[in-house]
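One file, structure-v7.csv, carrying CSV, C-alpha atoms:
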chain,number,residue,atom,x,y,z
U,2,MET,CA,100.3,33.9,-34.5
U,3,ALA,CA,98.6,37.1,-33.6
U,4,PHE,CA,95.0,38.2,-34.2
U,5,GLU,CA,93.7,41.7,-34.5
U,6,ARG,CA,92.2,42.0,-31.0
U,7,ASP,CA,90.9,45.6,-31.5
U,8,LYS,CA,88.9,44.5,-34.5
U,9,MET,CA,87.5,41.4,-32.9
U,10,LEU,CA,86.3,43.3,-29.9
U,11,GLN,CA,84.1,45.3,-32.3
U,12,GLY,CA,83.0,42.3,-34.4
U,13,LEU,CA,84.8,43.6,-37.4
U,14,PRO,CA,86.7,41.5,-40.0
U,15,ALA,CA,90.0,40.6,-38.5
U,16,GLN,CA,93.3,39.3,-39.8
U,17,THR,CA,96.2,37.3,-38.5
U,18,VAL,CA,100.0,37.5,-38.5
U,19,TYR,CA,101.6,34.1,-38.8
U,20,PHE,CA,105.2,32.9,-38.3
U,21,ASN,CA,106.3,29.4,-39.1
U,22,LEU,CA,109.4,28.6,-36.9
U,23,PHE,CA,110.1,25.2,-38.4
U,24,GLY,CA,112.8,26.7,-40.6
U,25,VAL,CA,114.2,28.7,-37.7
U,26,ASN,CA,114.6,25.7,-35.5
U,27,ALA,CA,112.6,22.5,-36.0
U,28,ASN,CA,113.0,21.7,-32.3
U,29,TYR,CA,110.8,24.6,-31.2
U,30,GLY,CA,107.5,23.3,-30.1
U,31,GLY,CA,104.9,23.9,-27.3
U,32,ALA,CA,105.7,27.6,-27.0
U,33,ILE,CA,102.9,29.4,-25.2
U,34,PRO,CA,102.2,33.2,-25.3
U,35,VAL,CA,102.0,35.2,-22.2
U,36,ASP,CA,98.4,35.8,-21.0
U,37,LEU,CA,97.6,39.1,-19.3
U,38,ASP,CA,95.7,39.0,-16.0
U,39,GLY,CA,95.2,41.6,-13.4
U,40,PRO,CA,94.8,45.4,-13.5
U,41,VAL,CA,98.4,46.3,-14.3
U,42,LEU,CA,99.2,46.6,-18.0
U,43,PRO,CA,102.6,46.0,-19.5
U,44,PRO,CA,104.5,49.1,-20.8
U,45,VAL,CA,103.0,50.6,-24.0
U,46,GLY,CA,104.4,48.7,-26.9
U,47,ALA,CA,105.8,45.9,-24.9
U,48,PRO,CA,105.9,42.7,-27.1
U,49,ASN,CA,104.2,39.5,-26.1
U,50,VAL,CA,106.6,36.8,-25.1
U,51,PHE,CA,106.3,33.1,-26.0
U,52,VAL,CA,107.8,30.7,-23.5
U,53,GLU,CA,108.7,27.1,-24.1
U,54,MET,CA,109.9,24.6,-21.4
U,55,ASP,CA,111.5,21.3,-22.3
U,56,ASP,CA,112.6,18.5,-20.2
U,57,ASN,CA,116.2,17.6,-20.5
U,58,SER,CA,115.2,14.1,-21.7
U,59,PHE,CA,114.1,15.6,-25.0
U,60,GLY,CA,117.8,15.9,-25.7
U,61,TRP,CA,117.9,19.6,-26.2
U,62,THR,CA,117.6,22.6,-24.0
U,63,PRO,CA,117.4,25.9,-25.7
U,64,ILE,CA,119.1,27.9,-23.0
U,65,ASP,CA,117.2,25.5,-20.9
U,66,ARG,CA,114.1,27.6,-21.7
U,67,LEU,CA,113.2,29.3,-24.9
U,68,SER,CA,111.9,32.8,-24.6
U,69,LEU,CA,110.9,33.8,-28.0
U,70,GLU,CA,110.0,37.4,-28.4
U,71,VAL,CA,107.7,38.0,-31.3
U,72,SER,CA,109.2,41.3,-32.0
U,73,ARG,CA,106.5,43.2,-33.7
U,74,ARG,CA,105.0,46.5,-33.9
U,75,LEU,CA,101.4,46.5,-34.8
U,76,ASP,CA,101.8,48.5,-38.0
U,77,ASP,CA,104.7,46.3,-39.2
U,78,ALA,CA,103.4,43.0,-38.2
U,79,PHE,CA,100.0,43.3,-39.7
U,80,ARG,CA,101.5,43.9,-43.1
U,81,ILE,CA,102.2,40.2,-43.0
U,82,ARG,CA,98.6,39.1,-43.5
U,83,ARG,CA,97.8,35.5,-43.9
U,84,SER,CA,94.2,34.8,-43.6
U,85,ALA,CA,91.0,36.7,-43.2
U,86,SER,CA,88.0,35.8,-41.2
U,87,ARG,CA,84.7,34.6,-42.6
U,88,ALA,CA,81.9,37.0,-42.8
U,89,ILE,CA,80.8,37.9,-39.3
U,90,ARG,CA,77.4,37.2,-38.0
U,91,THR,CA,76.1,37.4,-34.5
U,92,ARG,CA,73.5,35.4,-32.7
C,20,MET,CA,84.2,7.0,-20.5
C,21,ASN,CA,81.8,8.6,-18.1
C,22,SER,CA,82.2,12.2,-19.3
C,23,ARG,CA,79.7,14.3,-21.2
C,24,ASN,CA,81.4,13.8,-24.6
C,25,GLY,CA,83.0,10.5,-23.8
C,26,VAL,CA,86.6,11.4,-24.7
C,27,ALA,CA,90.0,11.8,-23.0
C,28,PRO,CA,92.1,13.7,-22.2
C,29,PRO,CA,89.8,16.4,-20.8
C,30,ASP,CA,91.8,19.4,-21.9
C,31,THR,CA,90.3,21.2,-19.0
C,32,ASN,CA,90.4,25.0,-19.5
C,33,GLY,CA,88.7,27.9,-17.7
C,34,ASP,CA,89.0,31.4,-16.6
C,35,VAL,CA,87.5,33.7,-14.1
C,36,GLY,CA,86.1,37.3,-14.5
C,37,PRO,CA,84.6,39.7,-12.0
C,38,ASN,CA,81.2,38.0,-12.0
C,39,HIS,CA,81.6,34.6,-13.8
C,40,TYR,CA,83.6,31.5,-14.2
C,41,VAL,CA,83.7,29.8,-17.6
C,42,GLN,CA,85.0,26.3,-18.0
C,43,TRP,CA,85.4,24.2,-21.2
C,44,VAL,CA,86.2,20.5,-20.8
C,45,ASN,CA,86.6,18.3,-23.8
C,46,PHE,CA,83.9,19.4,-26.2
C,47,SER,CA,81.5,21.2,-23.8
C,48,TYR,CA,81.5,24.5,-21.9
C,49,ALA,CA,79.5,26.0,-19.1
C,50,VAL,CA,79.1,29.3,-17.3
C,51,TRP,CA,78.9,29.7,-13.5
C,52,SER,CA,78.4,32.7,-11.3
C,53,LYS,CA,81.2,33.5,-8.9
C,54,GLN,CA,78.9,32.2,-6.2
C,55,GLY,CA,78.9,28.8,-7.9
C,56,SER,CA,75.5,28.8,-9.5
C,57,LEU,CA,75.3,27.2,-13.0
C,58,LEU,CA,74.0,29.9,-15.3
C,59,TYR,CA,74.4,28.2,-18.7
C,60,GLY,CA,75.2,24.8,-20.1
C,61,PRO,CA,77.0,22.5,-20.3
C,62,VAL,CA,76.5,22.6,-24.0
C,63,ASN,CA,78.7,21.5,-26.9
C,64,GLY,CA,81.4,24.1,-27.7
C,65,ASN,CA,80.2,24.5,-31.3
C,66,THR,CA,76.9,25.8,-29.9
C,67,LEU,CA,78.7,29.2,-30.0
C,68,TRP,CA,78.7,29.1,-33.8
C,69,SER,CA,75.1,27.9,-34.2
C,70,GLY,CA,73.7,29.5,-37.3
C,71,PHE,CA,77.1,30.8,-38.3
C,72,GLY,CA,77.7,28.2,-41.0
C,73,GLY,CA,80.9,26.4,-42.0
C,74,MET,CA,83.0,24.1,-40.1
C,75,CYS,CA,83.0,26.0,-36.8
C,76,GLU,CA,79.3,25.3,-36.7
C,77,THR,CA,79.3,21.7,-37.9
C,78,ARG,CA,82.5,20.4,-36.2
C,79,ASN,CA,83.2,20.2,-32.5
C,80,ASN,CA,86.8,19.2,-32.3
C,81,GLY,CA,87.9,20.6,-28.9
C,82,ASP,CA,91.3,21.6,-27.7
C,83,PRO,CA,89.4,24.5,-26.1
C,84,ILE,CA,90.6,27.8,-24.7
C,85,VAL,CA,88.7,30.1,-22.3
C,86,LEU,CA,90.2,33.5,-21.5
C,87,TYR,CA,88.9,36.5,-19.7
C,88,ASP,CA,90.2,39.7,-21.3
C,89,PRO,CA,90.6,42.0,-18.4
C,90,ILE,CA,91.5,45.0,-20.5
C,91,ALA,CA,88.2,45.0,-22.4
C,92,ASP,CA,86.1,43.1,-19.8
C,93,ARG,CA,85.1,40.5,-22.4
C,94,TRP,CA,85.4,36.8,-22.8
C,95,PHE,CA,87.4,34.9,-25.5
C,96,LEU,CA,86.6,31.3,-26.3
C,97,SER,CA,88.2,29.1,-29.0
C,98,GLN,CA,88.4,25.6,-30.3
C,99,LEU,CA,89.5,23.6,-33.3
C,100,ALA,CA,87.4,22.5,-36.2
C,101,PHE,CA,89.0,20.3,-38.8
C,102,ILE,CA,88.6,17.5,-41.3
C,103,ASP,CA,91.7,15.5,-42.1
C,104,PRO,CA,93.7,16.0,-44.2
C,105,SER,CA,92.5,19.1,-45.9
C,106,GLU,CA,90.8,21.7,-43.6
C,107,TYR,CA,92.1,23.0,-40.3
C,108,HIS,CA,90.3,25.9,-38.7
C,109,GLN,CA,90.7,28.0,-35.5
C,110,CYS,CA,87.2,29.0,-34.3
C,111,ILE,CA,87.1,32.1,-32.0
C,112,ALA,CA,84.2,33.8,-30.2
C,113,VAL,CA,84.5,37.1,-28.4
C,114,SER,CA,81.7,38.1,-26.1
C,115,GLN,CA,79.9,41.3,-27.1
C,116,THR,CA,79.6,42.3,-23.5
C,117,ALA,CA,81.0,41.3,-20.1
C,118,ASP,CA,78.3,38.6,-19.9
C,119,PRO,CA,79.5,35.2,-21.2
C,120,THR,CA,75.9,34.1,-21.4
C,121,GLY,CA,75.1,36.9,-23.9
C,122,PRO,CA,75.8,37.4,-27.6
C,123,TRP,CA,79.1,36.7,-29.3
C,124,TYR,CA,81.2,38.0,-32.2
C,125,ARG,CA,82.1,34.8,-34.0
C,126,TYR,CA,85.1,34.1,-36.3
C,127,ASP,CA,86.2,31.2,-38.4
C,128,PHE,CA,89.9,31.4,-39.3
C,129,LEU,CA,91.0,28.9,-41.9
C,130,PHE,CA,94.5,28.1,-40.6
C,131,SER,CA,95.7,25.6,-43.3
C,132,THR,CA,94.7,23.1,-45.9
C,133,THR,CA,97.7,20.9,-45.0
C,134,MET,CA,98.7,21.5,-41.4
C,135,LEU,CA,96.9,20.7,-38.2
C,136,ASN,CA,97.0,23.6,-35.7
C,137,ASP,CA,97.3,21.3,-32.7
C,138,TYR,CA,97.7,22.3,-29.0
C,139,PRO,CA,96.5,25.9,-29.5
C,140,LYS,CA,97.3,28.2,-26.6
C,141,PHE,CA,96.2,31.8,-26.6
C,142,GLY,CA,97.2,34.9,-24.6
C,143,VAL,CA,95.5,38.2,-24.2
C,144,TRP,CA,97.8,41.2,-24.8
C,145,PRO,CA,97.0,44.9,-25.4
C,146,ASP,CA,97.8,44.8,-29.1
C,147,GLY,CA,96.5,41.4,-30.1
C,148,TYR,CA,95.3,38.0,-29.2
C,149,TYR,CA,98.4,35.7,-29.5
C,150,LEU,CA,98.4,32.0,-30.3
C,151,GLY,CA,101.0,29.3,-30.2
C,152,ILE,CA,100.4,26.1,-32.0
C,153,ASN,CA,102.2,22.8,-32.7
C,154,GLN,CA,101.9,22.1,-36.4
C,155,TYR,CA,101.6,18.6,-37.9
C,156,VAL,CA,101.2,17.4,-41.5
C,157,GLY,CA,99.8,14.1,-42.6
C,158,VAL,CA,97.4,11.6,-40.9
C,159,GLY,CA,98.5,8.3,-39.4
C,160,PRO,CA,101.1,9.2,-38.4
C,161,ARG,CA,101.0,12.9,-38.0
C,162,VAL,CA,104.4,14.3,-38.8
C,163,TRP,CA,105.9,17.2,-36.8
C,164,ALA,CA,105.9,20.5,-38.8
C,165,GLY,CA,107.2,22.9,-36.3
C,166,GLN,CA,106.1,25.7,-34.0
C,167,GLY,CA,103.6,28.2,-35.3
Just give me the structure as structure tokens.
Amino acid sequence: MAFERDKMLQGLPAQTVYFNLFGVNANYGGAIPVDLDGPVLPPVGAPNVFVEMDDNSFGWTPIDRLSLEVSRRLDDAFRIRRSASRAIRTR
Amino acid sequence: MNSRNGVAPPDTNGDVGPNHYVQWVNFSYAVWSKQGSLLYGPVNGNTLWSGFGGMCETRNNGDPIVLYDPIADRWFLSQLAFIDPSEYHQCIAVSQTADPTGPWYRYDFLFSTTMLNDYPKFGVWPDGYYLGINQYVGVGPRVWAGQG
């Protein structure tokens, strides 16, 4: 899933993009998105990458590791809108 | 169980910013200075949504996430709120300033009325906050429903 960070930083109503990968491959699970730290930003437009690591004992190794690129451009992806936030109030 | 909320596993989560360290364990979080002084808490995680209404205020279901957003110099905190088998929420709070003891923008995203958004893991990225989840349907036993 992806959330509209720019809106959330301003406290504005924000929406999500949601992909259900069960139909793509039911074995996908535990995939974690990359988290940005430090002062060096990725190239403009670079997609976030989800990474999954599975022990061989699970009986399947998607190239040993799954790197699932959620290929999305902001304008395209946010057309697939799934849920909206509740009204926003601040303390 | 000799922990604040008496549950296990701890789901220990924390992040560090220029001036603070924020840690969320089980159902409680706290804020420290970089010098180690406790500045706030520990308090239940759903304290973030006090007065907000809805399940994010009334439920404190954990699986917490603490992230420092270095691009915006803000803090991002999140946890689950759900009632089996019909309401599964992702609660998110984004600090309004660089100070995690200050005010928050608060969100309550209804994820599903059928699937649990288990094991939520977020990442900060320039064009969005990204989330990976393990989806389950049913209760006792929960049945695997794929990566979301």
Would you tabulate, counting only C-alpha atoms, all residues of chain U that have an atom at most 6 Å from an atom of chain C, showing the closest pair of atoms and their distance in Å to one decimal, sorted by chain then ascending number, as a Markdown table?
| residue | atom | partner | partner_atom | distance |
| --- | --- | --- | --- | --- |
| U:Met2 | CA | C:Leu150 | CA | 5.0 |
| U:Ala3 | CA | C:Tyr149 | CA | 4.3 |
| U:Phe4 | CA | C:Tyr148 | CA | 5.0 |
| U:Glu5 | CA | C:Gly147 | CA | 5.2 |
| U:Arg6 | CA | C:Gly147 | CA | 4.4 |
| U:Gly12 | CA | C:Tyr124 | CA | 5.2 |
| U:Phe20 | CA | C:Gly167 | CA | 5.8 |
| U:Asn21 | CA | C:Gly167 | CA | 4.8 |
| U:Leu22 | CA | C:Gln166 | CA | 5.3 |
| U:Phe23 | CA | C:Gly165 | CA | 4.3 |
| U:Ala27 | CA | C:Gly165 | CA | 5.4 |
| U:Tyr29 | CA | C:Gln166 | CA | 5.6 |
| U:Gly30 | CA | C:Gln166 | CA | 4.8 |
| U:Ala32 | CA | C:Gly151 | CA | 5.9 |
| U:Ile33 | CA | C:Gly151 | CA | 5.3 |
| U:Pro34 | CA | C:Gly142 | CA | 5.3 |
| U:Val35 | CA | C:Gly142 | CA | 5.4 |
| U:Asp36 | CA | C:Gly142 | CA | 3.9 |
| U:Leu37 | CA | C:Val143 | CA | 5.4 |
| U:Ser86 | CA | C:Phe128 | CA | 5.2 |
| U:Arg87 | CA | C:Asp127 | CA | 5.6 |
| U:Thr91 | CA | C:Tyr124 | CA | 5.6 |
| U:Arg92 | CA | C:Pro122 | CA | 5.9 |
Next on the checklist: Around the point (96.1, 23.0, -49.5) (coordinates from the file), which residues reach within 9 Å if we count all atoms listed in the file? Answer as a VMD selection string.
Outcome noted: chain C and resid 105 to 106 131 to 134
Checklist entry - Between C:Ser52, C:Asn24, C:Asn38, C:Asn32, which has the minimum distance to Asn79 in chain C (counting only C-alpha atoms)? => result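 The closest residue to Asn79 in chain C is C:Asn24.
Between CA of Gly81 in chain C and CA of Leu99 in chain C lies a distance of 5.6 Å.
Across the structure, CA of Asp118 in chain C and CA of Ala49 in chain C are spaced 12.7 Å apart.
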